[in-house]
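Engineer: Below is the file coords08.cif, which contains mmCIF, C-alpha atoms.
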data_protein
#
loop_
_atom_site.label_atom_id
_atom_site.label_comp_id
_atom_site.auth_asym_id
_atom_site.auth_seq_id
_atom_site.Cartn_x
_atom_site.Cartn_y
_atom_site.Cartn_z
CA VAL A 56 -23.47 131.28 97.93
CA ASP A 57 -20.66 132.85 95.92
CA LYS A 58 -17.72 130.98 94.43
CA PRO A 59 -14.65 131.24 96.65
CA GLY A 60 -12.50 133.17 94.17
CA LYS A 61 -8.78 132.67 93.64
CA TYR A 62 -6.75 131.21 96.47
CA SER A 63 -3.82 133.53 97.20
CA GLY A 64 -1.47 130.74 98.19
CA GLU A 65 -0.90 132.36 101.59
CA ARG A 66 -1.25 129.88 104.47
CA GLY A 67 -3.10 132.49 106.52
CA ASP A 68 -5.84 132.56 103.88
CA TRP A 69 -6.17 128.78 103.53
CA ARG A 70 -8.80 127.97 106.17
CA LEU A 71 -11.20 130.71 105.07
CA TRP A 72 -10.72 129.91 101.38
CA LYS A 73 -11.24 126.19 102.03
CA ALA A 74 -14.43 126.88 104.00
CA ARG A 75 -15.77 129.05 101.17
CA ALA A 76 -14.87 126.41 98.56
CA LEU A 77 -16.55 123.67 100.62
CA GLY A 78 -19.62 125.85 101.11
CA TRP A 79 -19.96 126.61 97.42
CA LEU A 80 -19.32 123.02 96.33
CA THR A 81 -21.88 121.76 98.85
CA ALA A 82 -24.39 124.26 97.46
CA VAL A 83 -23.72 122.86 93.98
CA HIS A 84 -24.19 119.27 95.22
CA PRO A 85 -25.11 118.38 98.82
CA ASP A 86 -22.81 115.32 98.86
CA PHE A 87 -19.65 117.25 97.95
CA GLY A 88 -18.78 117.94 101.58
CA ARG A 89 -18.90 114.26 102.49
CA PHE A 90 -16.95 113.18 99.41
CA LEU A 91 -14.24 115.79 99.99
CA ALA A 92 -13.88 114.81 103.65
CA GLU A 93 -13.49 111.18 102.56
CA ALA A 94 -10.95 112.19 99.93
CA GLU A 95 -8.88 114.10 102.51
CA SER A 96 -8.66 111.10 104.82
CA HIS A 97 -8.22 108.46 102.11
CA GLN A 98 -4.88 106.65 102.08
CA GLY A 99 -3.30 105.20 98.95
CA ASP A 100 -4.50 105.33 95.35
CA MET A 101 -7.82 107.01 94.83
CA ASN A 102 -9.97 105.33 92.23
CA VAL A 103 -13.10 107.29 91.43
CA PRO A 104 -16.23 105.17 90.95
CA LEU A 105 -18.01 105.59 87.63
CA SER A 106 -20.96 107.26 89.40
CA LEU A 107 -18.66 110.05 90.70
CA ARG A 108 -16.48 110.68 87.66
CA GLU A 109 -18.50 113.65 86.43
CA MET A 110 -18.34 115.22 89.92
CA SER A 111 -14.59 114.52 90.08
CA SER A 112 -14.02 116.15 86.71
CA PHE A 113 -16.11 119.17 87.72
CA LEU A 114 -14.06 119.57 90.92
CA HIS A 115 -10.81 119.34 88.99
CA THR A 116 -11.95 122.01 86.52
CA GLU A 117 -12.99 124.33 89.36
CA LEU A 118 -9.65 123.84 91.11
CA LEU A 119 -7.86 124.81 87.90
CA THR A 120 -9.78 128.09 87.84
CA TRP A 121 -9.36 128.85 91.57
CA LEU A 122 -5.66 128.19 92.02
CA ILE A 123 -2.44 129.94 90.99
CA GLY A 124 1.28 129.32 91.45
CA THR A 125 2.45 126.35 93.48
CA GLN A 126 -1.09 125.21 94.29
CA LEU A 127 -2.03 125.16 90.60
CA ALA A 128 1.12 123.15 89.87
CA LEU A 129 0.00 120.57 92.45
CA VAL A 130 -3.34 120.16 90.71
CA LEU A 131 -1.76 120.04 87.26
CA ARG A 132 0.52 117.29 88.53
CA SER A 133 -2.59 115.18 89.14
CA LEU A 134 -3.51 115.24 85.44
CA PRO A 135 -3.21 111.81 83.80
CA LEU A 136 -0.41 111.42 81.28
CA GLY A 137 -2.67 109.82 78.71
CA GLY A 138 -5.17 112.47 79.26
CA THR A 139 -8.88 111.84 79.33
CA GLU A 140 -9.99 111.41 82.94
CA THR A 141 -9.06 113.78 85.73
CA ASN A 142 -9.30 113.05 89.43
CA GLY A 143 -10.53 116.10 91.27
CA PHE A 144 -10.76 114.22 94.56
CA ALA A 145 -7.09 113.22 94.42
CA ALA A 146 -6.20 116.81 93.50
CA TRP A 147 -8.21 118.09 96.48
CA ARG A 148 -6.45 115.65 98.83
CA THR A 149 -3.02 116.71 97.53
CA LEU A 150 -3.88 120.39 97.90
CA CYS A 151 -5.18 119.92 101.47
CA GLU A 152 -2.16 117.84 102.48
CA GLU A 153 0.20 120.53 101.20
CA GLU A 154 -1.63 123.49 102.70
CA GLU A 155 -2.27 121.86 106.08
CA ARG A 156 1.20 120.40 106.53
CA MET A 157 3.23 122.12 109.22
CA ASP A 158 6.97 122.54 109.19
CA PRO A 159 8.83 120.97 112.14
CA ALA A 160 9.33 124.28 113.97
CA ALA A 161 5.61 125.02 113.80
CA GLN A 162 4.82 121.50 115.04
CA VAL A 163 7.03 122.01 118.10
CA ALA A 164 5.42 125.37 118.82
CA VAL A 165 1.91 123.90 118.58
CA LEU A 166 2.85 120.95 120.80
CA GLN A 167 4.36 123.26 123.40
CA GLU A 168 1.28 125.49 123.40
CA LEU A 169 -1.07 122.52 123.71
CA LEU A 170 0.91 120.72 126.41
CA HIS A 171 1.33 123.88 128.51
CA PRO A 172 -2.00 125.71 128.25
CA GLU A 173 -2.60 128.92 130.18
CA PHE A 174 -6.34 129.05 130.67
CA GLU A 175 -6.29 131.99 133.07
CA SER A 176 -4.72 134.38 130.55
CA ALA A 177 -7.37 133.74 127.89
CA GLU A 178 -9.65 136.56 126.93
CA GLY A 179 -13.02 135.63 128.40
CA GLY A 180 -11.60 133.80 131.41
CA TRP A 181 -10.59 130.31 132.40
CA ARG A 182 -13.58 128.50 130.85
CA GLN A 183 -13.13 130.24 127.49
CA GLY A 184 -9.43 129.34 127.52
CA TRP A 185 -10.29 125.72 128.20
CA VAL A 186 -12.89 125.62 125.38
CA GLU A 187 -10.36 127.12 122.94
CA TRP A 188 -7.72 124.60 124.07
CA GLU A 189 -10.13 121.69 123.45
CA ALA A 190 -10.83 123.06 119.95
CA LYS A 191 -7.09 123.28 119.23
CA LEU A 192 -6.63 119.70 120.48
CA ALA A 193 -9.28 118.52 118.03
CA ARG A 194 -7.79 120.53 115.14
CA HIS A 195 -4.28 119.16 115.76
CA ALA A 196 -5.28 115.58 116.64
CA PRO A 197 -3.06 113.98 113.95
CA LEU A 198 -0.03 115.82 115.33
CA LEU A 199 -0.75 114.81 118.90
CA GLY A 200 -1.71 111.20 118.33
CA SER A 201 -3.62 109.77 121.25
CA LEU A 202 -3.61 112.24 124.10
CA GLY A 203 -4.94 110.40 127.14
CA ASP A 204 -6.81 111.87 130.08
CA ALA A 205 -3.70 111.62 132.26
CA VAL A 206 -2.02 114.27 130.09
CA ARG A 207 -5.20 116.29 129.63
CA ILE A 208 -5.95 116.41 133.34
CA GLY A 209 -2.36 116.11 134.56
#
What does the file become when written as structure tokens?
Structural biologist:
Amino acid sequence: VDKPGKYSGERGDWRLWKARALGWLTAVHPDFGRFLAEAESHQGDMNVPLSLREMSSFLHTELLTWLIGTQLALVLRSLPLGGTETNGFAAWRTLCEEEERMDPAAQVAVLQELLHPEFESAEGGWRQGWVEWEAKLARHAPLLGSLGDAVRIG
């Protein structure tokens, strides 16, 4: 598995770059995927246990080599003022939050598309349209909140 290379900073490249980074990091250490998923969903201050500090520092160093521009600035912002320990997991969470955040206009467009699906017009037919809609619902779950069966079937 190759390293992911530099992230361009273009939102259209984010998902593929993130998948490549996760793949490479998981090849380096099988638990990286789980730790990064936990970091992304963690709320509040992120204290790295002593047993994970070396992994956190490694992640931070890799992020510094993979990122440029605004994304690099986000990671640099996570450096401690006093300087010895870095928190790669907090840097990863900040990067993911920034890259996966949608502006209000995009949120409205996604909501409209999800709440008014057109299964018949999907390439591959009605069933394929429905499967793609379910995948989009899962991907945008935080935006939708709890979408009950009454709305889904409605």
Engineer: Using all atoms listed in the file, which residue out of A:Ser111, A:Gln98, A:Thr120, A:Ser63 lies closest to Trp147 of chain A?
Structural biologist: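 Closest candidate: A:Ser111.
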Engineer: Under the rule that all atoms listed in the file are counted, which of A:Ala160, A:Val165, A:Ala128, A:Ala94 is the nearest residue to Asn142 of chain A?
Structural biologist: A:Ala94
Engineer: List as a list in words: which residues have an atom within 12 Å of (-18.4, 109.9, 91.1), counting all atoms listed in the file?
Structural biologist: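 Looking at atoms near the point gives His84, Asp86, Phe87, Phe90, Leu91, Ala94, Met101, Asn102, Val103, Pro104, Leu105, Ser106, Leu107, Arg108, Glu109, Met110, Ser111, Ser112, Phe113, Leu114, Glu140, Thr141, Asn142, Gly143 and Phe144 of chain A.
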Engineer: Measuring between only C-alpha atoms, which one of A:Glu173, A:Glu93, A:Glu154, A:Glu189 shows the shortest distance to Gly67 of chain A?
Structural biologist: A:Glu154
Engineer: Atom CA of Leu119 of chain A and atom CA of Ala74 of chain A, how far apart in Å?
Structural biologist: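 Atom CA of Leu119 of chain A lies 17.5 Å from atom CA of Ala74 of chain A.
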Engineer: Looking at only C-alpha atoms, which of A:Cys151, A:His115, A:Arg182, A:Gln167 is the one that sits closest to Arg70 of chain A?
Structural biologist: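 Of A:Cys151, A:His115, A:Arg182, A:Gln167, the one nearest Arg70 of chain A, counting only C-alpha atoms, is A:Cys151.
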Engineer: Smallest atom-to-atom distance to Thr149 of chain A: which of A:Val130, A:Ser176, A:Glu168, A:Trp185, using all atoms listed in the file?
Structural biologist: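 Smallest separation from Thr149 of chain A among the options: A:Val130.
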Engineer: Enter the distance from atom CA of Ala82 of chain A to atom CA of Leu127 of chain A, in Å, rounded to one decimal.
Structural biologist: 23.4 Å
Engineer: What is the atom CA of Ala164 of chain A-atom CA of Ala193 of chain A distance in Å, reported with one decimal?
Structural biologist: 16.2 Å
Engineer: I would like the residues chosen by the PyMOL selection byres ((chain A and resi 59) around 8) on the shown file; could you give them as a VMD selection string?
Structural biologist: chain A and resid 57 to 58 60 to 62 72 75 to 76 79 121
Engineer: Under the rule that only C-alpha atoms are counted, which of A:Ile123, A:Leu169, A:Val83, A:Met157 is the nearest residue to Gly184 of chain A?
Structural biologist: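 Checking each of A:Ile123, A:Leu169, A:Val83, A:Met157 against Gly184 of chain A, counting only C-alpha atoms, the winner is A:Leu169.
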Engineer: Near Leu166 of chain A, counting all atoms listed in the file, which residues have an atom at most 12 Å away, once you skip same-chain residues fewer than 2 positions from it, shown as an mmCIF file with C-alpha atoms, in the coordinates of the input?
Structural biologist:
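New file part-v3.cif:
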data_model
loop_
_atom_site.group_PDB
_atom_site.id
_atom_site.type_symbol
_atom_site.label_atom_id
_atom_site.label_comp_id
_atom_site.auth_asym_id
_atom_site.auth_seq_id
_atom_site.Cartn_x
_atom_site.Cartn_y
_atom_site.Cartn_z
ATOM 1 C CA MET A 157 3.230 122.120 109.220
ATOM 2 C CA PRO A 159 8.830 120.970 112.140
ATOM 3 C CA ALA A 160 9.330 124.280 113.970
ATOM 4 C CA ALA A 161 5.610 125.020 113.800
ATOM 5 C CA GLN A 162 4.820 121.500 115.040
ATOM 6 C CA VAL A 163 7.030 122.010 118.100
ATOM 7 C CA ALA A 164 5.420 125.370 118.820
ATOM 8 C CA GLU A 168 1.280 125.490 123.400
ATOM 9 C CA LEU A 169 -1.070 122.520 123.710
ATOM 10 C CA LEU A 170 0.910 120.720 126.410
ATOM 11 C CA HIS A 171 1.330 123.880 128.510
ATOM 12 C CA PRO A 172 -2.000 125.710 128.250
ATOM 13 C CA TRP A 188 -7.720 124.600 124.070
ATOM 14 C CA LYS A 191 -7.090 123.280 119.230
ATOM 15 C CA LEU A 192 -6.630 119.700 120.480
ATOM 16 C CA HIS A 195 -4.280 119.160 115.760
ATOM 17 C CA ALA A 196 -5.280 115.580 116.640
ATOM 18 C CA PRO A 197 -3.060 113.980 113.950
ATOM 19 C CA LEU A 198 -0.030 115.820 115.330
ATOM 20 C CA LEU A 199 -0.750 114.810 118.900
ATOM 21 C CA GLY A 200 -1.710 111.200 118.330
ATOM 22 C CA LEU A 202 -3.610 112.240 124.100
#
Engineer: Take segment 181-192 of chain A, bring it up to all heavy atoms, and give me the output as an mmCIF file, in the frame of the given file.
Structural biologist:
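That gives us out-v6.cif:
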data_model
loop_
_atom_site.group_PDB
_atom_site.id
_atom_site.type_symbol
_atom_site.label_atom_id
_atom_site.label_comp_id
_atom_site.auth_asym_id
_atom_site.auth_seq_id
_atom_site.Cartn_x
_atom_site.Cartn_y
_atom_site.Cartn_z
ATOM 1 N N TRP A 181 -11.098 131.672 132.362
ATOM 2 C CA TRP A 181 -10.590 130.310 132.400
ATOM 3 C C TRP A 181 -11.401 129.368 131.509
ATOM 4 O O TRP A 181 -10.847 128.611 130.728
ATOM 5 C CB TRP A 181 -10.614 129.799 133.847
ATOM 6 C CG TRP A 181 -9.952 128.471 134.009
ATOM 7 C CD1 TRP A 181 -8.648 128.264 134.318
ATOM 8 C CD2 TRP A 181 -10.538 127.181 133.851
ATOM 9 N NE1 TRP A 181 -8.389 126.906 134.369
ATOM 10 C CE2 TRP A 181 -9.543 126.217 134.088
ATOM 11 C CE3 TRP A 181 -11.827 126.742 133.544
ATOM 12 C CZ2 TRP A 181 -9.774 124.852 134.016
ATOM 13 C CZ3 TRP A 181 -12.059 125.382 133.465
ATOM 14 C CH2 TRP A 181 -11.039 124.451 133.710
ATOM 15 N N ARG A 182 -12.727 129.412 131.631
ATOM 16 C CA ARG A 182 -13.580 128.500 130.850
ATOM 17 C C ARG A 182 -13.388 128.711 129.347
ATOM 18 O O ARG A 182 -13.282 127.759 128.597
ATOM 19 C CB ARG A 182 -15.043 128.660 131.236
ATOM 20 C CG ARG A 182 -15.962 127.742 130.448
ATOM 21 C CD ARG A 182 -17.349 127.635 131.053
ATOM 22 N NE ARG A 182 -18.302 126.962 130.248
ATOM 23 C CZ ARG A 182 -18.271 125.690 129.882
ATOM 24 N NH1 ARG A 182 -17.282 124.937 130.267
ATOM 25 N NH2 ARG A 182 -19.206 125.158 129.131
ATOM 26 N N GLN A 183 -13.330 129.949 128.916
ATOM 27 C CA GLN A 183 -13.130 130.240 127.490
ATOM 28 C C GLN A 183 -11.779 129.713 127.029
ATOM 29 O O GLN A 183 -11.661 129.152 125.942
ATOM 30 C CB GLN A 183 -13.242 131.746 127.226
ATOM 31 C CG GLN A 183 -13.097 132.119 125.764
ATOM 32 C CD GLN A 183 -14.182 131.518 124.877
ATOM 33 O OE1 GLN A 183 -15.328 131.335 125.293
ATOM 34 N NE2 GLN A 183 -13.816 131.190 123.656
ATOM 35 N N GLY A 184 -10.748 129.870 127.856
ATOM 36 C CA GLY A 184 -9.430 129.340 127.520
ATOM 37 C C GLY A 184 -9.449 127.837 127.371
ATOM 38 O O GLY A 184 -8.828 127.277 126.466
ATOM 39 N N TRP A 185 -10.170 127.173 128.265
ATOM 40 C CA TRP A 185 -10.290 125.720 128.200
ATOM 41 C C TRP A 185 -11.030 125.281 126.940
ATOM 42 O O TRP A 185 -10.599 124.348 126.247
ATOM 43 C CB TRP A 185 -11.007 125.205 129.453
ATOM 44 C CG TRP A 185 -11.287 123.737 129.414
ATOM 45 C CD1 TRP A 185 -10.375 122.725 129.519
ATOM 46 C CD2 TRP A 185 -12.549 123.125 129.224
ATOM 47 N NE1 TRP A 185 -11.006 121.512 129.423
ATOM 48 C CE2 TRP A 185 -12.348 121.728 129.242
ATOM 49 C CE3 TRP A 185 -13.843 123.622 129.049
ATOM 50 C CZ2 TRP A 185 -13.384 120.826 129.084
ATOM 51 C CZ3 TRP A 185 -14.879 122.720 128.899
ATOM 52 C CH2 TRP A 185 -14.639 121.345 128.915
ATOM 53 N N VAL A 186 -12.124 125.952 126.585
ATOM 54 C CA VAL A 186 -12.890 125.620 125.380
ATOM 55 C C VAL A 186 -12.021 125.804 124.130
ATOM 56 O O VAL A 186 -12.018 124.955 123.228
ATOM 57 C CB VAL A 186 -14.178 126.488 125.298
ATOM 58 C CG1 VAL A 186 -14.842 126.373 123.940
ATOM 59 C CG2 VAL A 186 -15.146 126.097 126.410
ATOM 60 N N GLU A 187 -11.253 126.883 124.082
ATOM 61 C CA GLU A 187 -10.360 127.120 122.940
ATOM 62 C C GLU A 187 -9.270 126.059 122.867
ATOM 63 O O GLU A 187 -8.900 125.606 121.785
ATOM 64 C CB GLU A 187 -9.754 128.521 123.031
ATOM 65 C CG GLU A 187 -10.763 129.627 122.802
ATOM 66 C CD GLU A 187 -10.219 131.012 123.095
ATOM 67 O OE1 GLU A 187 -9.013 131.136 123.410
ATOM 68 O OE2 GLU A 187 -11.007 131.966 123.025
ATOM 69 N N TRP A 188 -8.750 125.641 124.017
ATOM 70 C CA TRP A 188 -7.720 124.600 124.070
ATOM 71 C C TRP A 188 -8.277 123.284 123.541
ATOM 72 O O TRP A 188 -7.626 122.597 122.753
ATOM 73 C CB TRP A 188 -7.221 124.454 125.498
ATOM 74 C CG TRP A 188 -6.168 123.409 125.693
ATOM 75 C CD1 TRP A 188 -4.869 123.467 125.268
ATOM 76 C CD2 TRP A 188 -6.302 122.173 126.388
ATOM 77 N NE1 TRP A 188 -4.195 122.334 125.661
ATOM 78 C CE2 TRP A 188 -5.051 121.525 126.344
ATOM 79 C CE3 TRP A 188 -7.361 121.550 127.050
ATOM 80 C CZ2 TRP A 188 -4.840 120.283 126.934
ATOM 81 C CZ3 TRP A 188 -7.142 120.320 127.638
ATOM 82 C CH2 TRP A 188 -5.892 119.699 127.574
ATOM 83 N N GLU A 189 -9.489 122.926 123.943
ATOM 84 C CA GLU A 189 -10.130 121.690 123.450
ATOM 85 C C GLU A 189 -10.300 121.749 121.938
ATOM 86 O O GLU A 189 -10.083 120.752 121.238
ATOM 87 C CB GLU A 189 -11.475 121.466 124.139
ATOM 88 C CG GLU A 189 -11.385 121.012 125.566
ATOM 89 C CD GLU A 189 -10.977 119.554 125.725
ATOM 90 O OE1 GLU A 189 -11.066 118.778 124.772
ATOM 91 O OE2 GLU A 189 -10.547 119.193 126.844
ATOM 92 N N ALA A 190 -10.666 122.909 121.408
ATOM 93 C CA ALA A 190 -10.830 123.060 119.950
ATOM 94 C C ALA A 190 -9.484 122.883 119.247
ATOM 95 O O ALA A 190 -9.416 122.243 118.192
ATOM 96 C CB ALA A 190 -11.444 124.415 119.621
ATOM 97 N N LYS A 191 -8.424 123.439 119.822
ATOM 98 C CA LYS A 191 -7.090 123.280 119.230
ATOM 99 C C LYS A 191 -6.640 121.822 119.288
ATOM 100 O O LYS A 191 -6.003 121.326 118.352
ATOM 101 C CB LYS A 191 -6.068 124.163 119.948
ATOM 102 C CG LYS A 191 -6.206 125.626 119.633
ATOM 103 C CD LYS A 191 -5.189 126.443 120.400
ATOM 104 C CE LYS A 191 -5.404 127.926 120.189
ATOM 105 N NZ LYS A 191 -4.489 128.732 121.009
ATOM 106 N N LEU A 192 -6.961 121.127 120.380
ATOM 107 C CA LEU A 192 -6.630 119.700 120.480
ATOM 108 C C LEU A 192 -7.291 118.932 119.341
ATOM 109 O O LEU A 192 -6.662 118.081 118.696
ATOM 110 C CB LEU A 192 -7.088 119.121 121.816
ATOM 111 C CG LEU A 192 -6.277 119.463 123.043
ATOM 112 C CD1 LEU A 192 -6.941 118.857 124.282
ATOM 113 C CD2 LEU A 192 -4.847 118.972 122.927
#
